[in-house]
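Chemist: Structure in C-alpha cells, see below.
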Protein chains: 2
Amino acid sequence: MKFVIQREQLVQAVQDVMKAVSSKTTIPILTGIKINVTEDGVTLTGSNSDISIETFIPKEDEENEYATIYNCGSIVLQAKFFSEIIKKLPEDTVEIEVGEQYNTRINSGHAQFHLNGLDPEEYPRLPEINEKHAIKVPTDLLKHMIRQTVFAVSTQETRPILTGVNWRIENDQLICVATDSHRLALRSTPLEMKDLLPDELKNVVIPGKSLNELSKIIDDNHEPIDIVITENQILFKTKYLLFFSRLLDGNYPDTSRLIPEESKTEVIVNVKEFLQSIDRASLLAREGKNNVVKLTTLSDGRLEITSNTPEIGKVTEHVYTNSIQGDELKISFSAKYMMDALKAIEGSEIKISFTGAMRPFLIRIPEDDTILQLILPVRTY
Amino acid sequence: MKFVIQREQLVQAVQDVMKAVSSKTTIPILTGIKINVTEDGVTLTGSNSDISIETFIPKEDEENEYATIYNCGSIVLQAKFFSEIIKKLPEDTVEIEVGEQYNTRINSGHAQFHLNGLDPEEYPRLPEINEKHAIKVPTDLLKHMIRQTVFAVSTQETRPILTGVNWRIENDQLICVATDSHRLALRSTPLEMKDLLPDELKNVVIPGKSLNELSKIIDDNHEPIDIVITENQILFKTKYLLFFSRLLDGNYPDTSRLIPEESKTEVIVNVKEFLQSIDRASLLAREGKNNVVKLTTLSDGRLEITSNTPEIGKVTEHVYTNSIQGDELKISFSAKYMMDALKAIEGSEIKISFTGAMRPFLIRIPEDDTILQLILPVRTY
C-alpha cells in the first residue's frame, strides 16, 4: 500500500472517523483507524461498540485531484498518534507507505514518521445493510431535529431506553421524541415515502450519544441524507460518509398520553427576553441544587419570575408578554429545563399552554405544530 | 450606600478583582468582594492569602461619567453571585443600594436582586505600603518579562522558593530568573533608578501564581507601572489598580554559576521551523512519559531530531540551520522544556550554545543578552 494525499482532506476525514474511536475500548484493534486504499481512493474507518464511521476520499472529483495511488492495500494505525501526526505535518501533501510487518512510513517534507501498524484483517467488518428502505431528509433539517430533541434524553442508565431518541414514522411523518420523564421534546417533519417501510422498522430508538456525534460530523447543507433503518442498526449515508449506529433494545413508552390536549392559561411571550429573565432568576436558584423558579401571571399582562434562596438572597424579574389568556397561575419549574427548551425553539415568539400548577405544560411556536416542548412542574411548599 | 454605575465598567472591575477571590478559602469574608463608595467613585477589593487586588472606578473622568453616587458606604457581597448577576443584567446601568442588615438590592431594568451582604468592617484591611522606593517599568514590557520567565518556575512544593520568580536589581538592571532545577529562564531590562532601594529589597522572590494573575489583569500598553517592594510584599500600581502580592521567604539559589560561559558547538536556526520539528518529534515521545528527543548535528549543516518509542514507532526530522559551528554533537533533552523556551523567545532566529552532551545548554537571541533560556540535557543510554 502506497499513496500520496492532500493533507487537508486527510485531516478532515480522520477528524470525522475519530468521533467513533474510543481510547478506552477493551478491543485493541478498535483504538486504530483502518485505512483502505483502492484504485478509486482512500477509505477511513473508525468504530466503537455504539457507532461506526466510514469516510471516503476519492482519488479525484470534477474539480480537484486529492490522491495519487501507487499500490492498493490496507492498514490499521493507532488513531491517537496518526491523527496528531497528520495535523502537524509541514507540507500540503502526505505520503503513506506500508512496509514489512505493518511498519508504516509517513512522509511530509523533512518530517518522516514510522508507525507500528496493526493487521487490517483483524479489523471488524461493518454491517452490510440492505438499502431497500431508505428515507431521505435534508441534512440541515436532520441537524435541527437532532438538536431540538436530543438534549432531553435521560443521562441515567436506570431506564436505558430513555437515553435514546424515539423515531416514529406515522402517516408519512417522521416524529422524534426524547424524554427523561421530567420533560419531553418532540419534533416532526413530513416525509416523502416512496417505499413503504415494514411496520417493525417504523418505531426505533437511537442512542442520544450517536445522534450527538452524527450532528457534529454532517454539514449544514440542504442535500438530502439517506437514512436506512434495519432491525438493530441505523445507517446515515451521504456521498462520502457512512455513519452506523446501533439501536436501543426495548419498547419506548407511549408519550402521546402525556401531552395535555386542552389548556387553562395561555401566554405568548418573546423567547429572548423570557430566556434571559429565567437565566437571571436561576442564578441564585442554582445554588440550592434544585434550580427551581416560580412564575406568576400578573393582572397587568406581565409575568413575574422569582426565586428565593434564603441563605443567599432573592430575585424578581418582570417580563412583558404579548398576551396572557385564561386563568391566573402560579407555577414552579426547573429553570434548566425551561432554558433547554427555549434554546431548542427556533423563532422569536412562543406560546406556553398551562393546565394548572400541578400539570405538565407545553411550549410551542404559535401556528406551528412540528415542534413541542413539555415540562413537568415542581411541587413547592 | 446607594449608587448607579455603568454596567460595563463594573463588570470589568469585578472580573479583575475576582482574580484574587478563591471559593476555597477558609475565611468566609474573603469569598466576597468589598465595595466601597466614596464621593469620588467606587472601589472594589478582592483578596486571598497570596494576593489582593483593588480597582477603582472614578465617578467620572475627562471623557465620561461612570457613576452617580447618592450615598457613600461599604458592603461585602458574595463574589460568585455578584459577578454572575452583573454579567447578566439587562440594562447598561446598575443601581446598587444597601438596606438594613446588609441586605443589598441590585436593580437593572425589570430585574431586581436582593443579596445578603456581609459586614464590611470584617473585611481585612490591605497593607499600607510606603511608596518611597518605587521602580517604574512599562506595562507591556512587564507582561513580556513575566511571560518569558514564569513558565519555568517549579510546580512542586518540595522547594517552595523555586515556585517563585527571583527579581534582582543589579547595576541599574532588573533581572528576573525562574528555574525548576531542570531548566532556567532569565530576562533582564535596564531601569531608570532615581531613588536607590535599600539592599535588602534588591533581591526578592515573587510567587509564580501571583505574576500569572497580574499578567492577566494589566493592559498591553506602554504606560509605566509603579512597582513598590517592601520586606514581605510587592505592590504593582497603575492609575486605577493596586495589585499586592506576598513575597516568598528564603534565599533564592545563586543561579549565575549554572550558566556556562564558553561553548563548544553553536547553532543558529529559525525559531518557527525548529519549534515545529521539535513539536512533531515529541508526538511519539510524549507517550513514553519522558518526552525526550535527540538532536544530532549533521555535516551538511542540518540538524537531525529523532525520537524512538519502540512500541509505537519513530520519527526523524531534518532542520536546515543558518550555521553550525564547532564540534559535532549528539544530545538528548526534554521536548517540552525546549518548546517552552522557544515559545518564550521573541524573534525569528536563535543561537543555541552547547558545551557537550552532558552540560546545560543556552538558547539566546543573537546579539541580545536580555533574554536567556537554559536547559539541562537528559542522559540516555
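In the C-alpha cells, chains take letters A, B, ... by order of appearance, with residues numbered from 1 within each chain and ligands from 1 in the order shown.
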Identify every residue of chain B that has at least one atom within 6 Å of any atom of chain A, counting only C-alpha atoms, and report the result as a ChimeraX atom specification.

Modeler: /B:110-116,312-318

Chemist: Could you name the residues that touch Ala344 in chain A at 9 Å or less, counting only C-alpha atoms, but leaving out those on the same chain fewer than 4 positions away, as a PDB file with N, CA, C and O atoms, in the first residue's frame?

Modeler:
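The result, stored in around-v4.pdb:
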```pdb
ATOM      1  N   HIS A 144     -31.157  20.037  12.746  1.00  0.00           N
ATOM      2  CA  HIS A 144     -32.098  20.765  13.601  1.00  0.00           C
ATOM      3  C   HIS A 144     -32.938  19.798  14.440  1.00  0.00           C
ATOM      4  O   HIS A 144     -33.142  20.011  15.625  1.00  0.00           O
ATOM      5  N   ARG A 147     -30.884  18.478  17.231  1.00  0.00           N
ATOM      6  CA  ARG A 147     -30.622  19.495  18.250  1.00  0.00           C
ATOM      7  C   ARG A 147     -31.868  19.783  19.094  1.00  0.00           C
ATOM      8  O   ARG A 147     -31.773  20.047  20.298  1.00  0.00           O
ATOM      9  N   GLN A 148     -33.038  19.714  18.464  1.00  0.00           N
ATOM     10  CA  GLN A 148     -34.255  20.108  19.166  1.00  0.00           C
ATOM     11  C   GLN A 148     -34.831  19.004  20.050  1.00  0.00           C
ATOM     12  O   GLN A 148     -35.784  19.223  20.770  1.00  0.00           O
ATOM     13  N   THR A 149     -34.253  17.811  19.993  1.00  0.00           N
ATOM     14  CA  THR A 149     -34.774  16.719  20.816  1.00  0.00           C
ATOM     15  C   THR A 149     -33.722  16.078  21.725  1.00  0.00           C
ATOM     16  O   THR A 149     -34.013  15.753  22.872  1.00  0.00           O
ATOM     17  N   PHE A 151     -31.262  16.832  23.567  1.00  0.00           N
ATOM     18  CA  PHE A 151     -30.909  17.337  24.899  1.00  0.00           C
ATOM     19  C   PHE A 151     -31.828  16.782  25.991  1.00  0.00           C
ATOM     20  O   PHE A 151     -31.471  16.808  27.174  1.00  0.00           O
ATOM     21  N   ALA A 185     -39.239  16.458  24.600  1.00  0.00           N
ATOM     22  CA  ALA A 185     -39.052  17.291  23.413  1.00  0.00           C
ATOM     23  C   ALA A 185     -39.531  16.501  22.210  1.00  0.00           C
ATOM     24  O   ALA A 185     -39.218  15.319  22.064  1.00  0.00           O
ATOM     25  N   MET A 339     -34.811  26.605  30.198  1.00  0.00           N
ATOM     26  CA  MET A 339     -33.802  27.204  29.317  1.00  0.00           C
ATOM     27  C   MET A 339     -33.448  26.259  28.175  1.00  0.00           C
ATOM     28  O   MET A 339     -33.308  26.683  27.032  1.00  0.00           O
ATOM     29  N   ASP A 340     -33.289  24.971  28.483  1.00  0.00           N
ATOM     30  CA  ASP A 340     -33.028  23.978  27.429  1.00  0.00           C
ATOM     31  C   ASP A 340     -34.119  24.028  26.354  1.00  0.00           C
ATOM     32  O   ASP A 340     -33.829  24.034  25.153  1.00  0.00           O
ATOM     33  N   GLN A 373     -42.331  21.324  23.225  1.00  0.00           N
ATOM     34  CA  GLN A 373     -41.534  21.037  24.414  1.00  0.00           C
ATOM     35  C   GLN A 373     -42.485  20.936  25.586  1.00  0.00           C
ATOM     36  O   GLN A 373     -43.375  21.777  25.729  1.00  0.00           O
TER      37      GLN A 373
END
```

Chemist: Which residue is closest to Glu8 in chain B? Choose from B:Asp92, B:Glu192, B:Asp369, B:Asp219 and count only C-alpha atoms.

Modeler: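 Checking each of B:Asp92, B:Glu192, B:Asp369, B:Asp219 against Glu8 in chain B, counting only C-alpha atoms, the winner is B:Asp92.
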
Chemist: When DSSP works through the backbone of this structure, what residues of range 126-298 of chain B end up as helix (DSSP H, G or I), shown as number ranges by chain?

Modeler: B: 131-133, 139-150, 160-163, 199-201, 208-217, 256-258, 271-288

Chemist: Kindly save the residues from that selection, with C-alpha atoms included, as an mmCIF file, in the first residue's frame.

Modeler:
```cif
data_model
loop_
_atom_site.group_PDB
_atom_site.id
_atom_site.type_symbol
_atom_site.label_atom_id
_atom_site.label_comp_id
_atom_site.auth_asym_id
_atom_site.auth_seq_id
_atom_site.Cartn_x
_atom_site.Cartn_y
_atom_site.Cartn_z
ATOM 1 C CA GLU B 131 5.813 54.172 48.248
ATOM 2 C CA LYS B 132 9.142 55.907 48.698
ATOM 3 C CA HIS B 133 11.055 53.344 46.675
ATOM 4 C CA THR B 139 3.327 47.765 31.410
ATOM 5 C CA ASP B 140 3.816 45.863 28.152
ATOM 6 C CA LEU B 141 7.477 45.204 28.991
ATOM 7 C CA LEU B 142 6.456 43.882 32.422
ATOM 8 C CA LYS B 143 3.993 41.498 30.759
ATOM 9 C CA HIS B 144 6.727 40.224 28.437
ATOM 10 C CA MET B 145 9.179 39.767 31.282
ATOM 11 C CA ILE B 146 6.627 37.748 33.231
ATOM 12 C CA ARG B 147 5.711 35.605 30.223
ATOM 13 C CA GLN B 148 9.335 34.899 29.401
ATOM 14 C CA THR B 149 10.250 33.652 32.871
ATOM 15 C CA VAL B 150 7.231 32.482 34.877
ATOM 16 C CA PRO B 160 8.899 26.331 47.818
ATOM 17 C CA ILE B 161 11.377 29.090 46.932
ATOM 18 C CA LEU B 162 11.568 27.708 43.359
ATOM 19 C CA THR B 163 7.809 28.223 42.859
ATOM 20 C CA ASP B 199 19.998 46.456 49.559
ATOM 21 C CA GLU B 200 17.642 44.021 51.309
ATOM 22 C CA LEU B 201 14.891 44.899 48.809
ATOM 23 C CA GLY B 208 4.725 32.499 40.099
ATOM 24 C CA LYS B 209 0.944 32.343 40.556
ATOM 25 C CA SER B 210 0.796 35.997 41.555
ATOM 26 C CA LEU B 211 2.703 37.029 38.433
ATOM 27 C CA ASN B 212 0.405 34.924 36.254
ATOM 28 C CA GLU B 213 -2.662 36.640 37.702
ATOM 29 C CA LEU B 214 -1.093 40.086 37.430
ATOM 30 C CA SER B 215 -0.271 39.423 33.802
ATOM 31 C CA LYS B 216 -3.919 38.632 33.040
ATOM 32 C CA ILE B 217 -5.140 41.897 34.537
ATOM 33 C CA SER B 256 24.701 32.631 37.880
ATOM 34 C CA ARG B 257 27.148 29.761 38.314
ATOM 35 C CA LEU B 258 24.826 27.454 36.362
ATOM 36 C CA VAL B 271 12.725 29.558 15.660
ATOM 37 C CA LYS B 272 9.492 28.568 13.933
ATOM 38 C CA GLU B 273 10.889 25.670 11.878
ATOM 39 C CA PHE B 274 12.878 24.350 14.803
ATOM 40 C CA LEU B 275 9.875 24.587 17.137
ATOM 41 C CA GLN B 276 7.593 22.752 14.706
ATOM 42 C CA SER B 277 10.143 19.959 14.233
ATOM 43 C CA ILE B 278 10.556 19.510 17.985
ATOM 44 C CA ASP B 279 6.783 19.536 18.356
ATOM 45 C CA ARG B 280 6.373 16.731 15.805
ATOM 46 C CA ALA B 281 9.284 14.743 17.181
ATOM 47 C CA SER B 282 7.693 14.897 20.606
ATOM 48 C CA LEU B 283 4.387 13.443 19.411
ATOM 49 C CA LEU B 284 5.565 9.890 19.946
ATOM 50 C CA ALA B 285 7.996 10.737 22.758
ATOM 51 C CA ARG B 286 5.185 12.127 24.885
ATOM 52 C CA GLU B 287 3.722 8.667 25.278
ATOM 53 C CA GLY B 288 6.867 7.337 26.991
#
```

Chemist: Quick one: of B:Leu118, B:Ile365, B:Ile51, B:Leu372, who's nearest to Val269 in chain B, counting only C-alpha atoms?

Modeler: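 When distances to Val269 in chain B are compared using only C-alpha atoms, the smallest one comes from B:Ile365.
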
Chemist: What are the DSSP strand (DSSP E or B) residues of range 170-329 of chain B, as number ranges by chain?

Modeler: B: 170, 173-179, 183-190, 203-207, 224-229, 233-237, 241-246, 265-270, 292-297, 302-309, 313-320, 323-326

Chemist: Would you mind listing what lies within 9 Å of Gly356 in chain B as a ChimeraX atom specification, with only C-alpha atoms counted and same-chain residues fewer than 2 positions away left out?

Modeler: /B:263-265,327,329-331,354,358-361

Chemist: Rank B:Asn270, B:Gln101, B:Thr31, B:Gln12 by their smallest atom-to-atom distance to Ile57 in chain B, using only C-alpha atoms, and report the top residue only.

Modeler: B:Gln12

Chemist: Using CA of Thr179 in chain B and CA of Asp220 in chain B as the two end points, give the distance in Å to one decimal.

Modeler: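 So the answer is 25.7 Å.
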
Chemist: Excluding Thr55 in chain B and any residue of its chain fewer than 3 positions from it, enumerate the residues within 6 Å of it, using only C-alpha atoms, and give them as a compact mmCIF listing (two decimals) with N, CA and C atoms, in the first residue's frame.

Modeler:
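Okay, result_18.txt is ready:
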```
# COMPACT_ATOMS: atom_id res chain seq x y z
N THR B 43 -14.72 51.73 44.83
CA THR B 43 -13.54 50.88 44.93
C THR B 43 -13.99 49.45 45.20
N LEU B 44 -13.42 48.51 44.44
CA LEU B 44 -13.71 47.09 44.65
C LEU B 44 -12.44 46.41 45.12
N TYR B 240 -5.69 53.11 38.19
CA TYR B 240 -6.90 52.67 38.88
C TYR B 240 -6.79 51.27 39.48
N LEU B 241 -5.58 50.73 39.56
CA LEU B 241 -5.42 49.35 40.02
C LEU B 241 -4.28 49.24 41.03
```

Chemist: Using Å and a single decimal, report how far CA of Ala178 in chain B sits from CA of Asn203 in chain B.

Modeler: 13.1 Å

Chemist: For Glu65 in chain A, please output as a count of residues only all residues within 10 Å (counting only C-alpha atoms; exclusion window: fewer than 4 positions along the same chain).

Modeler: 6

Chemist: Near Gly46 in chain A, within 9 Å and counting only C-alpha atoms, which residues show up once chain neighbours fewer than 2 positions away are dropped, as a list in words?

Modeler: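 Counting only the stated atoms, we get Val14, Asp16, Val17, Met18, Lys19, Ala20, Val21, Leu30, Thr31, Gly32, Ile33, Lys34, Leu44, Asn48, Ile51, Ser52, Ile53, Glu54 and Ala79 of chain A.
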
Chemist: Atoms to include: C-alpha atoms. Write the selected residues as a PDB file, in the first residue's frame.

Modeler:
```
ATOM      1  CA  VAL A  14      -9.559  11.488  10.166  1.00  0.00           C
ATOM      2  CA  ASP A  16     -14.637  12.639  11.336  1.00  0.00           C
ATOM      3  CA  VAL A  17     -13.865   8.963  11.931  1.00  0.00           C
ATOM      4  CA  MET A  18     -12.130   9.829  15.239  1.00  0.00           C
ATOM      5  CA  LYS A  19     -15.631  10.547  16.593  1.00  0.00           C
ATOM      6  CA  ALA A  20     -16.145   6.776  16.658  1.00  0.00           C
ATOM      7  CA  VAL A  21     -12.768   5.884  18.152  1.00  0.00           C
ATOM      8  CA  LEU A  30     -10.569  -0.503  17.746  1.00  0.00           C
ATOM      9  CA  THR A  31      -8.113   2.089  19.092  1.00  0.00           C
ATOM     10  CA  GLY A  32      -6.950   2.290  15.491  1.00  0.00           C
ATOM     11  CA  ILE A  33      -8.212   3.811  12.267  1.00  0.00           C
ATOM     12  CA  LYS A  34      -8.432   1.481   9.293  1.00  0.00           C
ATOM     13  CA  LEU A  44     -11.013   5.532   6.544  1.00  0.00           C
ATOM     14  CA  ASN A  48     -16.722   1.525  18.756  1.00  0.00           C
ATOM     15  CA  ILE A  51     -21.170   3.676  16.244  1.00  0.00           C
ATOM     16  CA  SER A  52     -19.023   3.097  13.178  1.00  0.00           C
ATOM     17  CA  ILE A  53     -17.979   5.820  10.771  1.00  0.00           C
ATOM     18  CA  GLU A  54     -16.575   5.381   7.293  1.00  0.00           C
ATOM     19  CA  ALA A  79      -5.802   6.686  15.897  1.00  0.00           C
TER      20      ALA A  79
END
```
